[in-house]
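> First, the structure itself, so that you have it in front of you.
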Amino acid sequence: MTRRPNLAVVGATGAVGEVLLGLLSLRQDIWGEVRLVASPRSAGRKLTVRGESVEVLPLTEEAFEGIDVALFDVPDEVSARWAPIAAAKGVVVVDNSGAFRMDGDVPLVVPEVNAAAARMRPRGIVAGPNCSTLAMIAAIGALHAEYGLSELVVASYQAASGEGRSGVDALRAQVALVAGTEVGEQTGDLRAVIADNGPFAAPLAFNAVPWAGALMDGGWSSEELKLRDESRKILGLPALRVSATCVRIPVVRTHALAVHAVFEREVTQEHAQQILRDAPGVVLYDDPAAGEFPTPNDVVGTDPVWVGRVRRALDDPAALDLFLCGDNLRKGAALNALQIAELVAGELLV
């Protein structure tokens with residue numbers, strides 16, 4: 001291919017689509033046409049990408065004519081229907097939904113960890129993992145390459161935007177209701193003020209809600225099982241022991257995770273810190289004596305995963321405890337998908 005490949009962004013008007021368009025204007029421009037696609041109700045809107053105003057087209061088969069790579073950031077059911085249609089037209093689909101992540105014929109890719117897997121796509125589809133998995137997997141993958149990972153125990157502290165625009169709107173509305181009040185000091189006083197929880201299982205403002213996703217067997221949530229299943233697939237460790245608890249916290253953007261990682265070999269704090277310092281897509285920010293460790297608000301809007309509080313476990317010389325933060329709309333969705341698309345474009349240009 002001598003021409004530059006053409007890219008379609010499907011779901012261009014969503015929260016992740018907005019971040020994607022911004023990234024396309026910041027990163028090296030390797031694309032020919034960038035075509036914006038969304039639901040029929042959003043068609044006709046004009047959005048800015050690479051400094052130009054581009055009209056949004058409705059999602060139809062014709063939208064994929066002449067397209068080489070398509071980034072999908074749409075609900076699972078939309079991807080399940082339309083990604084195979086695009087792939088049948090010869091388009092390489094990079095899908096951010098959960099529709100194909102665990103399909104054996106669809107690679108699940110994080111370029112910093114398993115970039116080569118993107119080349120093996122018998123269905124013409126490459127999947128990106130869930131945003132909570134992406135907030136940790138580059139760092140954990142680098143440590144695994146050195147020490148050999150055997151177990152993960154994870155507590156995630158997930159931002160409201162993990163529920164999309166409705167989650168952010170609900171959090172801001174709840175904060176407005178409790179601002180200037182003295183709620184939070186009596187049992188149930190939040191629920192008395194906040195009548196609408198929005199997409200959350202309980203009031204989120206001034207609170208922490210230990211639930212994200214849908215109910216699955218055994219009382220687990222779908223978000224917790226995604227962390228387990230996706231980590232296993234990305235790292236190529238089908239028997240990896242993973243236990244996760246997912247919590248929503250009143251943060252607009254950026255997921256945080258506390259991770260206890262057990263390895264096959266003994267670890268040291270200093271060596272682990274050096275591995276993380278050198279790992280692609282990771283920033284080590286770890287000096288508690290100086291008050292230096294990542295927080296969601298420090299990390300929001302940045303590309304890397306930030307890691308701090310790196311410690312060897314007190315009772316297991318083969319285990320590490322660490323705290324990670326990653327912007328769930330940026331690396332957690334838009335950037336990872338775009339990095340995969342750039343890998344595919346590199347193949348097409350050879």
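Ordering of the structure tokens sets the chain letters (A, B, ...), residue numbers begin anew at 1 in every chain, and ligands are numbered from 1 in the order given.
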Excluding same-chain residues fewer than 4 positions from Ala289 of chain A, what lies within 12 Å of it counting only C-alpha atoms, as a ChimeraX atom specification?
/A:285,293,308-309
> Export, as a tab-separated table (two decimals), in the first residue's frame, the selected residues with C-alpha atoms.

chain	number	residue	atom	x	y	z
A	285	TYR	CA	6.13	8.08	40.84
A	293	PHE	CA	2.54	8.76	44.73
A	308	GLY	CA	3.68	4.23	43.23
A	309	ARG	CA	3.72	2.73	46.74
> Can you check which parts of segment 118-165 of chain A lie within 6 Å of segment 103-114 of chain A? Per residue, the shortest pair of atoms and distance in Å to one decimal, counting only C-alpha atoms, sorted by chain and number, as JSON lines.

{"residue": "A:Arg121", "atom": "CA", "partner": "A:Val106", "partner_atom": "CA", "distance": 5.7}
{"residue": "A:Pro122", "atom": "CA", "partner": "A:Asp105", "partner_atom": "CA", "distance": 6.0}
{"residue": "A:Ile125", "atom": "CA", "partner": "A:Val106", "partner_atom": "CA", "distance": 5.9}
{"residue": "A:Val126", "atom": "CA", "partner": "A:Pro107", "partner_atom": "CA", "distance": 5.4}
{"residue": "A:Ala127", "atom": "CA", "partner": "A:Leu108", "partner_atom": "CA", "distance": 4.8}
{"residue": "A:Gly128", "atom": "CA", "partner": "A:Val109", "partner_atom": "CA", "distance": 5.5}
{"residue": "A:Gly141", "atom": "CA", "partner": "A:Val113", "partner_atom": "CA", "distance": 5.9}
> Restricting the calculation to only C-alpha atoms, which member of A:Ile67, A:Val283, A:Ala334, A:Ala145 is positioned closest to Gly32 of chain A?
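Using only C-alpha atoms, the shortest distance to Gly32 of chain A belongs to A:Ile67.
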> List as a tab-separated table every residue of segment 79-182 of chain A that is in contact with segment 303-306 of chain A, defined as an atom at most 8 Å from one of its atoms (using only C-alpha atoms), together with the nearest atom pair and the distance in Å rounded to one decimal, sorted by chain and then rising number.

residue	atom	partner	partner_atom	distance
A:Ala135	CA	A:Val305	CA	6.1
A:Met136	CA	A:Val305	CA	7.1
A:Ala138	CA	A:Val305	CA	7.5
A:Ala139	CA	A:Val305	CA	7.5
> Pull the helix (DSSP H, G or I) assignments for segment 99-208 of chain A out of DSSP run on the backbone, and list those residues as a PyMOL selection string.
chain A and resi 111-119+131-134+137-147+160-163+165-178+189-193
> Could you give me, as a Markdown table, a per-residue list for segment 122-210 of chain A showing, wherever an atom lies at most 12 Å from an atom of segment 247-266 of chain A, the closest pair of atoms and their distance in Å to one decimal, using only C-alpha atoms and sorting by chain then residue number from low to high?

| residue | atom | partner | partner_atom | distance |
| --- | --- | --- | --- | --- |
| A:Asn130 | CA | A:His255 | CA | 11.3 |
| A:Cys131 | CA | A:His255 | CA | 7.9 |
| A:Ser132 | CA | A:His255 | CA | 6.5 |
| A:Thr133 | CA | A:Leu257 | CA | 9.5 |
| A:Leu134 | CA | A:His255 | CA | 9.4 |
| A:Ala135 | CA | A:His255 | CA | 6.6 |
| A:Met136 | CA | A:Leu257 | CA | 7.3 |
| A:Ile137 | CA | A:Val259 | CA | 10.8 |
| A:Ala139 | CA | A:Val259 | CA | 10.7 |
| A:Ile140 | CA | A:Ala261 | CA | 8.1 |
| A:Gly141 | CA | A:Ala261 | CA | 11.0 |
| A:Leu143 | CA | A:Phe263 | CA | 8.7 |
| A:His144 | CA | A:Phe263 | CA | 7.5 |
| A:Ala145 | CA | A:Phe263 | CA | 10.4 |
| A:Glu146 | CA | A:Arg265 | CA | 9.0 |
| A:Tyr147 | CA | A:Arg265 | CA | 5.6 |
| A:Gly148 | CA | A:Glu264 | CA | 5.3 |
| A:Leu149 | CA | A:Phe263 | CA | 4.4 |
| A:Ser150 | CA | A:Phe263 | CA | 5.1 |
| A:Glu151 | CA | A:Val262 | CA | 5.0 |
| A:Leu152 | CA | A:Ala261 | CA | 4.7 |
| A:Val153 | CA | A:His260 | CA | 5.0 |
| A:Val154 | CA | A:Val259 | CA | 4.6 |
| A:Ala155 | CA | A:Ala258 | CA | 5.2 |
| A:Ser156 | CA | A:Leu257 | CA | 4.2 |
| A:Tyr157 | CA | A:Val247 | CA | 4.9 |
| A:Gln158 | CA | A:His255 | CA | 4.5 |
| A:Ala159 | CA | A:Val251 | CA | 4.8 |
| A:Ala160 | CA | A:Val252 | CA | 5.2 |
| A:Ser161 | CA | A:Arg253 | CA | 5.7 |
| A:Gly162 | CA | A:Arg253 | CA | 7.8 |
| A:Glu163 | CA | A:Arg248 | CA | 9.8 |
| A:Gly164 | CA | A:Val252 | CA | 10.1 |
| A:Arg165 | CA | A:Val252 | CA | 9.9 |
| A:Ser166 | CA | A:Val252 | CA | 11.2 |
| A:Gly167 | CA | A:Val252 | CA | 8.4 |
| A:Val168 | CA | A:Val252 | CA | 6.0 |
| A:Asp169 | CA | A:Val252 | CA | 9.4 |
| A:Ala170 | CA | A:Val252 | CA | 10.2 |
| A:Leu171 | CA | A:Pro250 | CA | 6.9 |
| A:Arg172 | CA | A:Val252 | CA | 8.5 |
| A:Ala173 | CA | A:Pro250 | CA | 11.7 |
| A:Gln174 | CA | A:Pro250 | CA | 9.7 |
| A:Val175 | CA | A:Pro250 | CA | 8.9 |
| A:Pro199 | CA | A:Arg248 | CA | 10.9 |
| A:Phe200 | CA | A:Arg248 | CA | 8.1 |
| A:Ala201 | CA | A:Arg248 | CA | 9.3 |
| A:Ala202 | CA | A:Arg248 | CA | 9.7 |
| A:Pro203 | CA | A:Pro250 | CA | 9.4 |
| A:Leu204 | CA | A:Pro250 | CA | 5.7 |
| A:Ala205 | CA | A:Pro250 | CA | 5.5 |
| A:Phe206 | CA | A:Pro250 | CA | 6.9 |
| A:Asn207 | CA | A:Ile249 | CA | 6.7 |
| A:Ala208 | CA | A:Ile249 | CA | 4.9 |
| A:Val209 | CA | A:Arg248 | CA | 5.0 |
| A:Pro210 | CA | A:Val247 | CA | 4.1 |
> When DSSP works through the backbone of this structure, what residues of segment 139-266 of chain A end up as strand (DSSP E), shown as a list in words?
Leu149, Ser150, Glu151, Leu152, Val153, Val154, Ala155, Ser156, Tyr157, Gln158, Arg241, Val242, Ser243, Ala244, Thr245, Cys246, Val247, Arg248, His255, Ala256, Leu257, Ala258, Val259, His260, Ala261, Val262 and Phe263 of chain A
> Can you pull out every residue within 9 Å of segment 342-344 of chain A, counting only C-alpha atoms, but drop anything in the same chain fewer than 3 positions away, and send it as a list in words?
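Non-adjacent residues within range: Ile30, Val69, Val92, Pro111, Ala115, Ala118, Arg119, Ala337, Leu338, Gln339, Glu347, Leu348 and Leu349 of chain A.
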> Using only C-alpha atoms, which of A:Ile275, A:Ala214, A:Ala192, A:Ala345 sits nearest Arg3 of chain A?
A:Ala345
> Can you measure atom CA of Asn297 of chain A to atom CA of Gly332 of chain A for me? One decimal in Å is fine.
15.2 Å
> Out of A:Glu33, A:Asp278, A:Glu182, A:Asp76, which residue has the shortest atom-to-atom distance to Ser97 of chain A when counting only C-alpha atoms?
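Among the listed residues, the smallest separation from Ser97 of chain A belongs to A:Asp76.
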